[in-house]
Every structure is written in C-alpha cells, then in structure tokens.
$ cat query21.cif   # mmCIF, C-alpha atoms, pLDDT in the B column; chains and numbers go by the auth columns
data_entry
#
loop_
_atom_site.group_PDB
_atom_site.id
_atom_site.type_symbol
_atom_site.label_atom_id
_atom_site.label_comp_id
_atom_site.label_asym_id
_atom_site.label_seq_id
_atom_site.Cartn_x
_atom_site.Cartn_y
_atom_site.Cartn_z
_atom_site.B_iso_or_equiv
_atom_site.auth_seq_id
_atom_site.auth_asym_id
ATOM 1 C CA MET A 1 105.167 120.498 108.029 53.00 960 A
ATOM 2 C CA ALA A 2 102.034 119.350 106.260 47.00 961 A
ATOM 3 C CA ALA A 3 102.358 117.397 103.030 47.00 962 A
ATOM 4 C CA LYS A 4 101.292 119.101 99.814 46.00 963 A
ATOM 5 C CA ALA A 5 97.856 118.159 98.554 42.00 964 A
ATOM 6 C CA ASN A 6 99.236 116.650 95.327 45.00 965 A
ATOM 7 C CA SER A 7 101.901 114.558 97.052 50.00 966 A
ATOM 8 C CA PRO A 8 102.006 110.845 96.241 47.00 967 A
ATOM 9 C CA VAL A 9 100.979 108.529 99.049 46.00 968 A
ATOM 10 C CA THR A 10 104.324 106.754 99.318 46.00 969 A
ATOM 11 C CA ALA A 11 107.522 106.085 97.455 44.00 970 A
ATOM 12 C CA GLY A 12 106.140 102.638 96.637 49.00 971 A
ATOM 13 C CA SER A 13 109.048 100.271 95.961 54.00 972 A
ATOM 14 C CA ILE A 14 111.275 101.745 98.661 69.00 973 A
ATOM 15 C CA ILE A 15 113.601 99.292 100.422 77.00 974 A
ATOM 16 C CA VAL A 16 114.681 100.082 103.978 81.00 975 A
ATOM 17 C CA PRO A 17 117.762 98.265 105.353 79.00 976 A
ATOM 18 C CA TYR A 18 117.230 96.890 108.869 75.00 977 A
ATOM 19 C CA GLY A 19 118.479 99.277 111.514 79.00 978 A
ATOM 20 C CA HIS A 20 117.875 102.239 109.196 87.00 979 A
ATOM 21 C CA VAL A 21 115.152 104.867 108.834 92.00 980 A
ATOM 22 C CA ILE A 22 114.364 106.692 105.611 92.00 981 A
ATOM 23 C CA GLY A 23 113.066 110.184 106.309 94.00 982 A
ATOM 24 C CA ASN A 24 111.172 112.649 104.175 94.00 983 A
ATOM 25 C CA GLU A 25 113.274 115.514 102.793 94.00 984 A
ATOM 26 C CA LYS A 26 111.086 118.029 104.644 94.00 985 A
ATOM 27 C CA TRP A 27 112.582 116.811 107.958 96.00 986 A
ATOM 28 C CA ARG A 28 116.194 117.513 106.937 95.00 987 A
ATOM 29 C CA GLY A 29 117.938 119.529 109.653 95.00 988 A
ATOM 30 C CA SER A 30 115.008 119.226 112.106 96.00 989 A
ATOM 31 C CA GLU A 31 115.396 118.309 115.770 96.00 990 A
ATOM 32 C CA ILE A 32 113.917 114.868 115.203 96.00 991 A
ATOM 33 C CA SER A 33 116.359 114.123 112.366 96.00 992 A
ATOM 34 C CA GLN A 34 119.353 115.296 114.366 96.00 993 A
ATOM 35 C CA ARG A 35 118.372 113.107 117.318 95.00 994 A
ATOM 36 C CA LEU A 36 117.764 110.074 115.106 95.00 995 A
ATOM 37 C CA GLN A 37 121.164 110.455 113.422 93.00 996 A
ATOM 38 C CA ARG A 38 122.907 110.181 116.799 93.00 997 A
ATOM 39 C CA LYS A 39 121.483 106.709 117.447 91.00 998 A
ATOM 40 C CA ILE A 40 120.570 105.056 114.137 91.00 999 A
ATOM 41 C CA LYS A 41 121.239 105.341 110.414 91.00 1000 A
ATOM 42 C CA LEU A 42 118.942 108.000 108.916 93.00 1001 A
ATOM 43 C CA ILE A 43 118.704 108.399 105.150 92.00 1002 A
ATOM 44 C CA VAL A 44 116.874 111.542 104.019 92.00 1003 A
ATOM 45 C CA GLU A 45 115.177 111.298 100.631 89.00 1004 A
ATOM 46 C CA ASP A 46 112.768 113.286 98.514 86.00 1005 A
ATOM 47 C CA GLY A 47 109.663 111.694 97.018 81.00 1006 A
ATOM 48 C CA LEU A 48 108.194 109.960 100.089 84.00 1007 A
ATOM 49 C CA GLY A 49 104.956 111.907 99.647 87.00 1008 A
ATOM 50 C CA LEU A 50 102.601 111.637 102.619 91.00 1009 A
ATOM 51 C CA VAL A 51 104.976 109.402 104.575 93.00 1010 A
ATOM 52 C CA ASP A 52 107.326 111.092 107.046 96.00 1011 A
ATOM 53 C CA PHE A 53 109.547 108.141 108.003 95.00 1012 A
ATOM 54 C CA HIS A 54 109.877 104.579 106.692 92.00 1013 A
ATOM 55 C CA LEU A 55 110.894 102.168 109.477 87.00 1014 A
ATOM 56 C CA SER A 56 110.835 99.058 107.274 77.00 1015 A
ATOM 57 C CA ASN A 57 109.556 97.942 103.884 71.00 1016 A
ATOM 58 C CA LYS A 58 106.038 97.687 105.333 80.00 1017 A
ATOM 59 C CA THR A 59 105.918 100.075 108.307 85.00 1018 A
ATOM 60 C CA CYS A 60 105.970 103.852 108.235 90.00 1019 A
ATOM 61 C CA ILE A 61 105.392 106.895 110.413 94.00 1020 A
ATOM 62 C CA LEU A 62 102.985 109.726 109.697 96.00 1021 A
ATOM 63 C CA TYR A 63 103.789 112.658 111.977 97.00 1022 A
ATOM 64 C CA VAL A 64 101.134 115.153 113.073 97.00 1023 A
ATOM 65 C CA SER A 65 102.692 118.179 114.746 97.00 1024 A
ATOM 66 C CA GLU A 66 101.179 120.742 117.071 96.00 1025 A
ATOM 67 C CA ALA A 67 101.192 123.194 114.155 96.00 1026 A
ATOM 68 C CA ASP A 68 99.310 120.686 111.959 96.00 1027 A
ATOM 69 C CA LEU A 69 96.589 120.284 114.592 96.00 1028 A
ATOM 70 C CA VAL A 70 96.140 124.019 115.071 94.00 1029 A
ATOM 71 C CA ALA A 71 96.215 124.789 111.325 95.00 1030 A
ATOM 72 C CA GLY A 72 93.007 122.932 110.468 92.00 1031 A
ATOM 73 C CA ASP A 73 91.837 119.762 108.728 93.00 1032 A
ATOM 74 C CA GLU A 74 94.560 119.284 106.118 94.00 1033 A
ATOM 75 C CA PHE A 75 96.292 116.629 108.235 95.00 1034 A
ATOM 76 C CA LYS A 76 93.001 114.681 108.427 95.00 1035 A
ATOM 77 C CA ARG A 77 92.743 114.565 104.648 95.00 1036 A
ATOM 78 C CA ARG A 78 96.337 113.410 104.532 94.00 1037 A
ATOM 79 C CA LEU A 79 95.681 110.520 106.934 95.00 1038 A
ATOM 80 C CA VAL A 80 92.497 109.445 105.152 94.00 1039 A
ATOM 81 C CA ARG A 81 94.230 109.560 101.787 93.00 1040 A
ATOM 82 C CA PHE A 82 97.082 107.433 103.084 92.00 1041 A
ATOM 83 C CA ARG A 83 94.754 104.864 104.628 89.00 1042 A
ATOM 84 C CA ASN A 84 92.639 104.576 101.482 88.00 1043 A
ATOM 85 C CA ALA A 85 95.535 104.225 99.065 83.00 1044 A
ATOM 86 C CA SER A 86 98.316 102.403 100.913 81.00 1045 A
ATOM 87 C CA SER A 87 98.907 98.817 102.040 81.00 1046 A
ATOM 88 C CA LEU A 88 101.656 99.928 104.441 82.00 1047 A
ATOM 89 C CA VAL A 89 101.229 99.710 108.203 82.00 1048 A
ATOM 90 C CA GLY A 90 100.900 103.345 109.241 87.00 1049 A
ATOM 91 C CA ILE A 91 101.791 104.477 112.760 89.00 1050 A
ATOM 92 C CA VAL A 92 100.524 107.988 113.500 93.00 1051 A
ATOM 93 C CA ILE A 93 102.624 109.999 115.953 94.00 1052 A
ATOM 94 C CA VAL A 94 100.775 113.040 117.299 94.00 1053 A
ATOM 95 C CA GLU A 95 102.214 115.923 119.299 95.00 1054 A
ATOM 96 C CA ARG A 96 100.009 116.291 122.368 91.00 1055 A
ATOM 97 C CA THR A 97 100.848 119.593 124.052 93.00 1056 A
ATOM 98 C CA GLN A 98 99.011 122.153 126.154 94.00 1057 A
ATOM 99 C CA ILE A 99 98.080 123.965 122.956 95.00 1058 A
ATOM 100 C CA SER A 100 97.042 120.916 120.916 94.00 1059 A
ATOM 101 C CA ASP A 101 95.357 118.955 123.721 91.00 1060 A
ATOM 102 C CA GLN A 102 91.937 120.385 122.859 93.00 1061 A
ATOM 103 C CA TYR A 103 92.130 118.688 119.440 93.00 1062 A
ATOM 104 C CA PHE A 104 93.565 115.372 120.616 90.00 1063 A
ATOM 105 C CA LEU A 105 90.398 113.431 121.397 86.00 1064 A
ATOM 106 C CA ALA A 106 88.953 114.119 117.942 90.00 1065 A
ATOM 107 C CA VAL A 107 92.209 113.017 116.316 91.00 1066 A
ATOM 108 C CA GLN A 108 92.250 109.884 118.449 86.00 1067 A
ATOM 109 C CA LYS A 109 88.723 108.988 117.313 85.00 1068 A
ATOM 110 C CA LEU A 110 89.639 109.521 113.677 90.00 1069 A
ATOM 111 C CA VAL A 111 92.895 107.574 113.709 88.00 1070 A
ATOM 112 C CA VAL A 112 91.948 104.617 115.912 81.00 1071 A
ATOM 113 C CA LEU A 113 88.199 104.192 115.517 79.00 1072 A
ATOM 114 C CA GLU A 114 87.559 105.363 111.962 84.00 1073 A
ATOM 115 C CA LEU A 115 90.825 104.589 110.173 86.00 1074 A
ATOM 116 C CA GLY A 116 91.925 101.633 112.300 81.00 1075 A
ATOM 117 C CA MET A 117 95.493 102.889 112.578 83.00 1076 A
ATOM 118 C CA VAL A 118 97.947 102.998 115.475 83.00 1077 A
ATOM 119 C CA LEU A 119 98.198 106.340 117.329 86.00 1078 A
ATOM 120 C CA LEU A 120 101.065 107.195 119.659 86.00 1079 A
ATOM 121 C CA PRO A 121 101.045 110.570 121.457 87.00 1080 A
ATOM 122 C CA VAL A 122 104.300 112.403 122.203 89.00 1081 A
ATOM 123 C CA ALA A 123 105.116 115.700 123.877 90.00 1082 A
ATOM 124 C CA ASN A 124 107.678 116.894 121.323 94.00 1083 A
ATOM 125 C CA GLN A 125 110.103 115.869 118.568 95.00 1084 A
ATOM 126 C CA GLY A 126 112.638 114.680 121.127 93.00 1085 A
ATOM 127 C CA GLU A 127 110.184 112.174 122.563 92.00 1086 A
ATOM 128 C CA ALA A 128 109.133 111.160 119.049 93.00 1087 A
ATOM 129 C CA SER A 129 112.741 110.420 118.089 93.00 1088 A
ATOM 130 C CA GLN A 130 113.152 108.164 121.139 90.00 1089 A
ATOM 131 C CA LEU A 131 110.006 106.276 120.153 88.00 1090 A
ATOM 132 C CA ILE A 132 111.164 105.810 116.553 91.00 1091 A
ATOM 133 C CA ILE A 133 114.595 104.607 117.717 89.00 1092 A
ATOM 134 C CA GLN A 134 112.924 102.070 120.005 84.00 1093 A
ATOM 135 C CA LEU A 135 110.715 100.792 117.178 83.00 1094 A
ATOM 136 C CA VAL A 136 113.656 100.449 114.790 83.00 1095 A
ATOM 137 C CA ARG A 137 115.718 98.562 117.353 79.00 1096 A
ATOM 138 C CA GLU A 138 112.842 96.218 118.151 73.00 1097 A
ATOM 139 C CA GLN A 139 112.327 95.462 114.463 70.00 1098 A
ATOM 140 C CA SER A 140 116.055 94.853 114.003 67.00 1099 A
ATOM 141 C CA LYS A 141 116.233 92.209 116.755 61.00 1100 A
ATOM 142 C CA ASP A 142 114.816 89.552 114.489 50.00 1101 A
ATOM 143 C CA HIS A 143 115.158 90.734 110.905 49.00 1102 A
ATOM 144 C CA ASN A 144 114.509 87.249 109.508 44.00 1103 A
ATOM 145 C CA SER A 145 111.079 86.963 111.067 45.00 1104 A
ATOM 146 C CA ASN A 146 108.258 88.839 109.337 44.00 1105 A
ATOM 147 C CA PRO A 147 105.696 87.568 111.904 45.00 1106 A
ATOM 148 C CA PHE A 148 107.609 89.577 114.522 41.00 1107 A
ATOM 149 C CA LEU A 149 106.778 92.780 112.691 44.00 1108 A
ATOM 150 C CA ARG A 150 103.099 91.829 112.673 46.00 1109 A
ATOM 151 C CA LYS A 151 103.269 91.032 116.380 45.00 1110 A
ATOM 152 C CA GLN A 152 104.892 94.398 117.129 45.00 1111 A
ATOM 153 C CA CYS A 153 102.244 96.306 115.184 46.00 1112 A
ATOM 154 C CA SER A 154 99.496 94.289 116.836 47.00 1113 A
ATOM 155 C CA HIS A 155 100.904 95.156 120.267 45.00 1114 A
ATOM 156 C CA LEU A 156 101.002 98.849 119.401 46.00 1115 A
ATOM 157 C CA ALA A 157 97.445 98.712 118.085 47.00 1116 A
ATOM 158 C CA ASP A 158 96.214 97.044 121.272 59.00 1117 A
ATOM 159 C CA ALA A 159 97.906 99.708 123.380 63.00 1118 A
ATOM 160 C CA SER A 160 96.469 102.484 121.246 64.00 1119 A
ATOM 161 C CA VAL A 161 92.926 101.086 121.472 71.00 1120 A
ATOM 162 C CA PHE A 162 93.297 100.743 125.247 73.00 1121 A
ATOM 163 C CA ARG A 163 94.336 104.395 125.560 73.00 1122 A
ATOM 164 C CA THR A 164 91.404 105.460 123.401 74.00 1123 A
ATOM 165 C CA VAL A 165 88.840 103.608 125.523 78.00 1124 A
ATOM 166 C CA GLN A 166 90.531 104.957 128.637 77.00 1125 A
ATOM 167 C CA GLN A 167 89.879 108.522 127.430 76.00 1126 A
ATOM 168 C CA ILE A 168 86.099 108.053 127.432 80.00 1127 A
ATOM 169 C CA PRO A 169 84.580 110.145 130.265 79.00 1128 A
ATOM 170 C CA GLY A 170 84.086 108.049 133.398 83.00 1129 A
ATOM 171 C CA VAL A 171 86.022 105.023 132.153 84.00 1130 A
ATOM 172 C CA GLY A 172 89.666 105.124 133.250 79.00 1131 A
ATOM 173 C CA LYS A 173 92.167 102.256 133.218 76.00 1132 A
ATOM 174 C CA THR A 174 90.200 99.634 135.159 78.00 1133 A
ATOM 175 C CA LYS A 175 86.928 99.973 133.284 81.00 1134 A
ATOM 176 C CA ALA A 176 88.761 100.215 129.943 81.00 1135 A
ATOM 177 C CA LEU A 177 90.405 96.885 130.661 77.00 1136 A
ATOM 178 C CA LEU A 178 87.090 95.333 131.683 80.00 1137 A
ATOM 179 C CA LEU A 179 85.376 96.573 128.520 83.00 1138 A
ATOM 180 C CA LEU A 180 88.073 95.260 126.198 78.00 1139 A
ATOM 181 C CA GLN A 181 88.204 91.933 128.036 75.00 1140 A
ATOM 182 C CA GLN A 182 84.429 91.563 127.752 80.00 1141 A
ATOM 183 C CA PHE A 183 83.942 92.641 124.134 80.00 1142 A
ATOM 184 C CA GLY A 184 87.287 91.537 122.723 74.00 1143 A
ATOM 185 C CA SER A 185 87.625 94.174 120.007 73.00 1144 A
ATOM 186 C CA ILE A 186 86.958 97.846 119.365 72.00 1145 A
ATOM 187 C CA HIS A 187 84.433 96.871 116.675 73.00 1146 A
ATOM 188 C CA ARG A 188 82.288 94.864 119.096 80.00 1147 A
ATOM 189 C CA LEU A 189 82.577 97.579 121.726 80.00 1148 A
ATOM 190 C CA CYS A 190 81.428 100.218 119.215 80.00 1149 A
ATOM 191 C CA ASN A 191 78.322 98.151 118.420 82.00 1150 A
ATOM 192 C CA ALA A 192 77.414 97.174 121.977 86.00 1151 A
ATOM 193 C CA SER A 193 74.024 98.232 123.331 89.00 1152 A
ATOM 194 C CA VAL A 194 73.610 100.256 126.511 90.00 1153 A
ATOM 195 C CA LYS A 195 72.249 97.171 128.313 90.00 1154 A
ATOM 196 C CA GLU A 196 75.276 95.118 127.310 90.00 1155 A
ATOM 197 C CA LEU A 197 77.593 97.858 128.518 89.00 1156 A
ATOM 198 C CA GLU A 198 75.687 98.208 131.807 89.00 1157 A
ATOM 199 C CA LEU A 199 76.541 94.623 132.716 87.00 1158 A
ATOM 200 C CA VAL A 200 80.223 95.564 132.685 85.00 1159 A
ATOM 201 C CA VAL A 201 80.507 99.166 133.900 85.00 1160 A
ATOM 202 C CA GLY A 202 77.121 100.169 135.292 87.00 1161 A
ATOM 203 C CA GLN A 203 74.365 102.428 133.980 87.00 1162 A
ATOM 204 C CA THR A 204 76.054 105.854 134.113 87.00 1163 A
ATOM 205 C CA VAL A 205 79.338 104.889 132.484 87.00 1164 A
ATOM 206 C CA ALA A 206 77.535 102.643 129.999 88.00 1165 A
ATOM 207 C CA GLN A 207 75.580 105.630 128.715 88.00 1166 A
ATOM 208 C CA GLN A 208 78.771 107.684 128.424 86.00 1167 A
ATOM 209 C CA VAL A 209 80.504 104.916 126.460 86.00 1168 A
ATOM 210 C CA TYR A 210 77.505 104.490 124.164 86.00 1169 A
ATOM 211 C CA THR A 211 77.303 108.251 123.531 83.00 1170 A
ATOM 212 C CA PHE A 212 81.045 108.406 122.819 80.00 1171 A
ATOM 213 C CA PHE A 213 80.876 105.794 120.078 73.00 1172 A
ATOM 214 C CA THR A 214 77.607 107.167 118.685 71.00 1173 A
ATOM 215 C CA LEU A 215 79.326 110.521 118.100 63.00 1174 A
ATOM 216 C CA CYS A 216 82.147 108.728 116.268 56.00 1175 A
ATOM 217 C CA SER A 217 79.845 106.987 113.815 49.00 1176 A
#
$ encode --input "query21.cif" --output "structure tokens"
Amino acid sequence: MAAKANSPVTAGSIIVPYGHVIGNEKWRGSEISQRLQRKIKLIVEDGLGLVDFHLSNKTCILYVSEADLVAGDEFKRRLVRFRNASSLVGIVIVERTQISDQYFLAVQKLVVLELGMVLLPVANQGEASQLIIQLVREQSKDHNSNPFLRKQCSHLADASVFRTVQQIPGVGKTKALLLLQQFGSIHRLCNASVKELELVVGQTVAQQVYTFFTLCS
C-alpha cells in the first residue's frame, strides 16, 4: 500500500475531532480499519497523500508494511519527503515479521537516527490497530492540554531511541540505558569518541557502538 510518487504530503488544514482517527482512503475495508472502527470513530477520506492516519491536528501515522519493505526503497523516499515537507509529528509504524526482519535495522537507522522520527514496530495490522487505539485514547484524556501531546510524543521518541540503541550488537538493555544516561541524547551518542564510549561500556562494545553510528552517517 505504498503512496503514489506524486501524492501530496498531507491534507494540510485537516481537523481531527478528539477521539477520532482520519484514515487514508487506501485503507478502506482493510483489517486495520475494521479493527479501529470497533473501538473508536474512524473517518476514511481521500486526499491525505503520504499520511496513512491522522490521530490529531498535529500527529499522524505513516505505516510501512511488510510488502513495502520487501518491495524496495519507495517507502524510504516517502518518509524522507514527509519529513522534509511537513511540520506534523510523524509516528512511523513498521511491520516487523520473519520476512521483513532482515530490513528492520536499516529502517530503524533511517527513521530514528537520520530523520529523527518515532518508530514503533508491530507484528501485523491487528497489533497496529491496538497501538493506534491506545494513542488516540491517551490523547483524548486531556484534550484541553496541548503540552500533553508534546509529552506523549516525547515519551514515544525516548522509547524508540532506547530500542534503537538496544539493537546495536553487544549492547542490550542495560548498556543501552547506561549509554543514554551518560550522553543524554542520540546526537551526543552519535558523536562520541571510542575513548568516551569505553568509559561506559568497555573497549569491545565501544568499538561496536562507534562502528554502528559511523555506518549511519
């Protein structure tokens, strides 16, 4: 379900009522749409362009399916185009399956490290629908407080960065936490020297972390 190359980035002045999701026409009748409609108000519209689902006036979902990952680089161009042309907060949901797992690390580097967007992996459309429902309900708890939306997105970004660092060979949960506590941000971690990294995780893992971020640059 890749977007056409000449699709607009977003509908622009779209207004999303709280507790609702506006979905791209291409998802009409899909499993994810059917599951969403059972729990929340889903409005399907044409003209959303690169955006798959609008959760609020400022937050949207870009969905990368298993088929998108296997098909080639079109989805990458779509994500880059969105990031370069939109002021919306984009959350990228990626289907991570046995077939697509071989592509996942590269996608994770692109989305989190290069584009600075939130990435959330799911196993299938059913899991994705549950995630979207949760996000909509969280945003609806305090619809008068815009700072809440920023806090929610910040939390998701932190979690996404943590999972990315955790995927580096030899790191794991404990060392990922230590690295982020020491350097404070993904930007500082990317620019850390091997010697600086050694003080936190030791020589072997430090070299692996340094190599990982060198390949991303």
$ closest_residue --input "query21.cif" --among "A:Ile1127, A:Lys1068, A:Gln1140, A:Thr1133" --to "A:Gln1167" --atoms "all atoms listed in the file"
A:Ile1127
$ closest_residue --input "query21.cif" --among "A:Arg1122, A:Lys1154, A:Lys1017, A:Lys1134" --to "A:Val1077" --atoms "all atoms listed in the file"
A:Arg1122
$ closest_residue --input "query21.cif" --among "A:His979, A:Arg994, A:Lys1000, A:Arg1037" --to "A:Asn1016" --atoms "all atoms listed in the file"
A:His979
$ resolve_selection --input "query21.cif" --expression "the PyMOL selection byres ((chain A and resi 1059) around 12)" --output "PyMOL selection string"
chain A and resi 1023-1031+1053-1058+1060-1066+1080-1083
$ residues_near_point --input "query21.cif" --point "(92.4, 110.0, 114.0)" --cutoff "12 Å" --atoms "only C-alpha atoms" --output "PyMOL selection string"
chain A and resi 1021-1023+1028+1032+1034-1039+1042+1049-1053+1062-1080+1119-1120+1123+1175
$ residues_around --input "query21.cif" --residues "A:Lys985" --least-positions-apart "4" --cutoff "12 Å" --atoms "all atoms listed in the file" --output "ChimeraX atom specification"
/A:960-963,981,989-992,1003-1012,1022
$ closest_residue --input "query21.cif" --among "A:Val1124, A:Val1048, A:Leu1137, A:Leu1014" --to "A:Gly1161" --atoms "only C-alpha atoms"
A:Leu1137
$ atom_distance --input "query21.cif" --atom1 "atom CA of A:Thr1018" --atom2 "atom CA of A:Leu1047"
5.8 Å
$ atom_distance --input "query21.cif" --atom1 "atom CA of A:Glu1097" --atom2 "atom CA of A:Arg997"
17.3 Å
$ resolve_selection --input "query21.cif" --expression "the PyMOL selection byres ((chain A and resi 1165) around 10)" --output "list in words"
Gly1129, Val1130, Ala1151, Ser1152, Val1153, Lys1154, Glu1155, Leu1156, Glu1157, Leu1158, Val1159, Val1160, Gly1161, Gln1162, Thr1163, Val1164, Gln1166, Gln1167, Val1168, Tyr1169, Thr1170 and Phe1171 of chain A
$ resolve_selection --input "query21.cif" --expression "the PyMOL selection byres ((chain A and resi 998) around 12)" --output "list in words"
Gly978, His979, Val980, Ile991, Ser992, Gln993, Arg994, Leu995, Gln996, Arg997, Ile999, Lys1000, Leu1001, Ser1088, Gln1089, Leu1090, Ile1091, Ile1092, Gln1093, Val1095 and Arg1096 of chain A
$ write_last_selection --input "query21.cif" --atoms "C-alpha atoms" --output "PDB file, keeping the file's coordinate frame"
ATOM      1  CA  GLY A 978     118.479  99.277 111.514  1.00 79.00           C
ATOM      2  CA  HIS A 979     117.875 102.239 109.196  1.00 87.00           C
ATOM      3  CA  VAL A 980     115.152 104.867 108.834  1.00 92.00           C
ATOM      4  CA  ILE A 991     113.917 114.868 115.203  1.00 96.00           C
ATOM      5  CA  SER A 992     116.359 114.123 112.366  1.00 96.00           C
ATOM      6  CA  GLN A 993     119.353 115.296 114.366  1.00 96.00           C
ATOM      7  CA  ARG A 994     118.372 113.107 117.318  1.00 95.00           C
ATOM      8  CA  LEU A 995     117.764 110.074 115.106  1.00 95.00           C
ATOM      9  CA  GLN A 996     121.164 110.455 113.422  1.00 93.00           C
ATOM     10  CA  ARG A 997     122.907 110.181 116.799  1.00 93.00           C
ATOM     11  CA  ILE A 999     120.570 105.056 114.137  1.00 91.00           C
ATOM     12  CA  LYS A1000     121.239 105.341 110.414  1.00 91.00           C
ATOM     13  CA  LEU A1001     118.942 108.000 108.916  1.00 93.00           C
ATOM     14  CA  SER A1088     112.741 110.420 118.089  1.00 93.00           C
ATOM     15  CA  GLN A1089     113.152 108.164 121.139  1.00 90.00           C
ATOM     16  CA  LEU A1090     110.006 106.276 120.153  1.00 88.00           C
ATOM     17  CA  ILE A1091     111.164 105.810 116.553  1.00 91.00           C
ATOM     18  CA  ILE A1092     114.595 104.607 117.717  1.00 89.00           C
ATOM     19  CA  GLN A1093     112.924 102.070 120.005  1.00 84.00           C
ATOM     20  CA  VAL A1095     113.656 100.449 114.790  1.00 83.00           C
ATOM     21  CA  ARG A1096     115.718  98.562 117.353  1.00 79.00           C
TER      22      ARG A1096
END
$ atom_distance --input "query21.cif" --atom1 "atom CA of A:Ser1144" --atom2 "atom CA of A:Phe1121"
10.1 Å
$ decode --input "query21.cif" --residues "stretch 1020-1041 of chain A" --atoms "N, CA and C atoms" --output "PDB file, in the first residue's frame"
ATOM      1  N   ILE A1020       0.174   9.091  11.521  1.00  0.00           N
ATOM      2  CA  ILE A1020       0.827   7.781  11.382  1.00  0.00           C
ATOM      3  C   ILE A1020       1.227   7.572   9.928  1.00  0.00           C
ATOM      4  N   LEU A1021       2.460   7.131   9.734  1.00  0.00           N
ATOM      5  CA  LEU A1021       2.902   6.640   8.430  1.00  0.00           C
ATOM      6  C   LEU A1021       3.174   5.151   8.599  1.00  0.00           C
ATOM      7  N   TYR A1022       2.478   4.334   7.833  1.00  0.00           N
ATOM      8  CA  TYR A1022       2.528   2.881   8.016  1.00  0.00           C
ATOM      9  C   TYR A1022       3.415   2.252   6.946  1.00  0.00           C
ATOM     10  N   VAL A1023       4.387   1.452   7.403  1.00  0.00           N
ATOM     11  CA  VAL A1023       5.268   0.734   6.480  1.00  0.00           C
ATOM     12  C   VAL A1023       4.992  -0.759   6.655  1.00  0.00           C
ATOM     13  N   SER A1024       4.407  -1.362   5.648  1.00  0.00           N
ATOM     14  CA  SER A1024       4.019  -2.767   5.729  1.00  0.00           C
ATOM     15  C   SER A1024       5.167  -3.692   5.352  1.00  0.00           C
ATOM     16  N   GLU A1025       4.952  -4.969   5.595  1.00  0.00           N
ATOM     17  CA  GLU A1025       5.923  -5.982   5.182  1.00  0.00           C
ATOM     18  C   GLU A1025       6.145  -5.907   3.675  1.00  0.00           C
ATOM     19  N   ALA A1026       5.052  -5.733   2.926  1.00  0.00           N
ATOM     20  CA  ALA A1026       5.158  -5.643   1.466  1.00  0.00           C
ATOM     21  C   ALA A1026       5.973  -4.427   1.037  1.00  0.00           C
ATOM     22  N   ASP A1027       5.806  -3.294   1.747  1.00  0.00           N
ATOM     23  CA  ASP A1027       6.585  -2.091   1.434  1.00  0.00           C
ATOM     24  C   ASP A1027       8.077  -2.346   1.615  1.00  0.00           C
ATOM     25  N   LEU A1028       8.433  -3.013   2.700  1.00  0.00           N
ATOM     26  CA  LEU A1028       9.845  -3.289   2.994  1.00  0.00           C
ATOM     27  C   LEU A1028      10.470  -4.191   1.941  1.00  0.00           C
ATOM     28  N   VAL A1029       9.732  -5.197   1.526  1.00  0.00           N
ATOM     29  CA  VAL A1029      10.252  -6.169   0.561  1.00  0.00           C
ATOM     30  C   VAL A1029      10.328  -5.555  -0.840  1.00  0.00           C
ATOM     31  N   ALA A1030       9.413  -4.625  -1.139  1.00  0.00           N
ATOM     32  CA  ALA A1030       9.301  -4.082  -2.500  1.00  0.00           C
ATOM     33  C   ALA A1030      10.472  -3.206  -2.918  1.00  0.00           C
ATOM     34  N   GLY A1031      11.178  -2.607  -1.954  1.00  0.00           N
ATOM     35  CA  GLY A1031      12.298  -1.744  -2.339  1.00  0.00           C
ATOM     36  C   GLY A1031      12.350  -0.456  -1.547  1.00  0.00           C
ATOM     37  N   ASP A1032      12.871   0.606  -2.165  1.00  0.00           N
ATOM     38  CA  ASP A1032      13.160   1.852  -1.459  1.00  0.00           C
ATOM     39  C   ASP A1032      12.083   2.917  -1.568  1.00  0.00           C
ATOM     40  N   GLU A1033      10.966   2.623  -2.197  1.00  0.00           N
ATOM     41  CA  GLU A1033       9.935   3.647  -2.374  1.00  0.00           C
ATOM     42  C   GLU A1033       9.449   4.198  -1.033  1.00  0.00           C
ATOM     43  N   PHE A1034       9.307   3.325  -0.038  1.00  0.00           N
ATOM     44  CA  PHE A1034       8.828   3.772   1.272  1.00  0.00           C
ATOM     45  C   PHE A1034       9.825   4.730   1.918  1.00  0.00           C
ATOM     46  N   LYS A1035      11.130   4.547   1.637  1.00  0.00           N
ATOM     47  CA  LYS A1035      12.147   5.448   2.189  1.00  0.00           C
ATOM     48  C   LYS A1035      11.983   6.848   1.611  1.00  0.00           C
ATOM     49  N   ARG A1036      11.752   6.919   0.312  1.00  0.00           N
ATOM     50  CA  ARG A1036      11.545   8.222  -0.322  1.00  0.00           C
ATOM     51  C   ARG A1036      10.293   8.901   0.236  1.00  0.00           C
ATOM     52  N   ARG A1037       9.303   8.095   0.509  1.00  0.00           N
ATOM     53  CA  ARG A1037       8.064   8.615   1.089  1.00  0.00           C
ATOM     54  C   ARG A1037       8.317   9.224   2.470  1.00  0.00           C
ATOM     55  N   LEU A1038       9.067   8.537   3.312  1.00  0.00           N
ATOM     56  CA  LEU A1038       9.354   9.032   4.653  1.00  0.00           C
ATOM     57  C   LEU A1038      10.202  10.298   4.619  1.00  0.00           C
ATOM     58  N   VAL A1039      11.216  10.302   3.757  1.00  0.00           N
ATOM     59  CA  VAL A1039      12.088  11.472   3.636  1.00  0.00           C
ATOM     60  C   VAL A1039      11.297  12.674   3.134  1.00  0.00           C
ATOM     61  N   ARG A1040      10.442  12.429   2.159  1.00  0.00           N
ATOM     62  CA  ARG A1040       9.635  13.521   1.606  1.00  0.00           C
ATOM     63  C   ARG A1040       8.711  14.092   2.666  1.00  0.00           C
ATOM     64  N   PHE A1041       8.107  13.232   3.457  1.00  0.00           N
ATOM     65  CA  PHE A1041       7.232  13.701   4.527  1.00  0.00           C
ATOM     66  C   PHE A1041       8.012  14.535   5.531  1.00  0.00           C
TER      67      PHE A1041
END
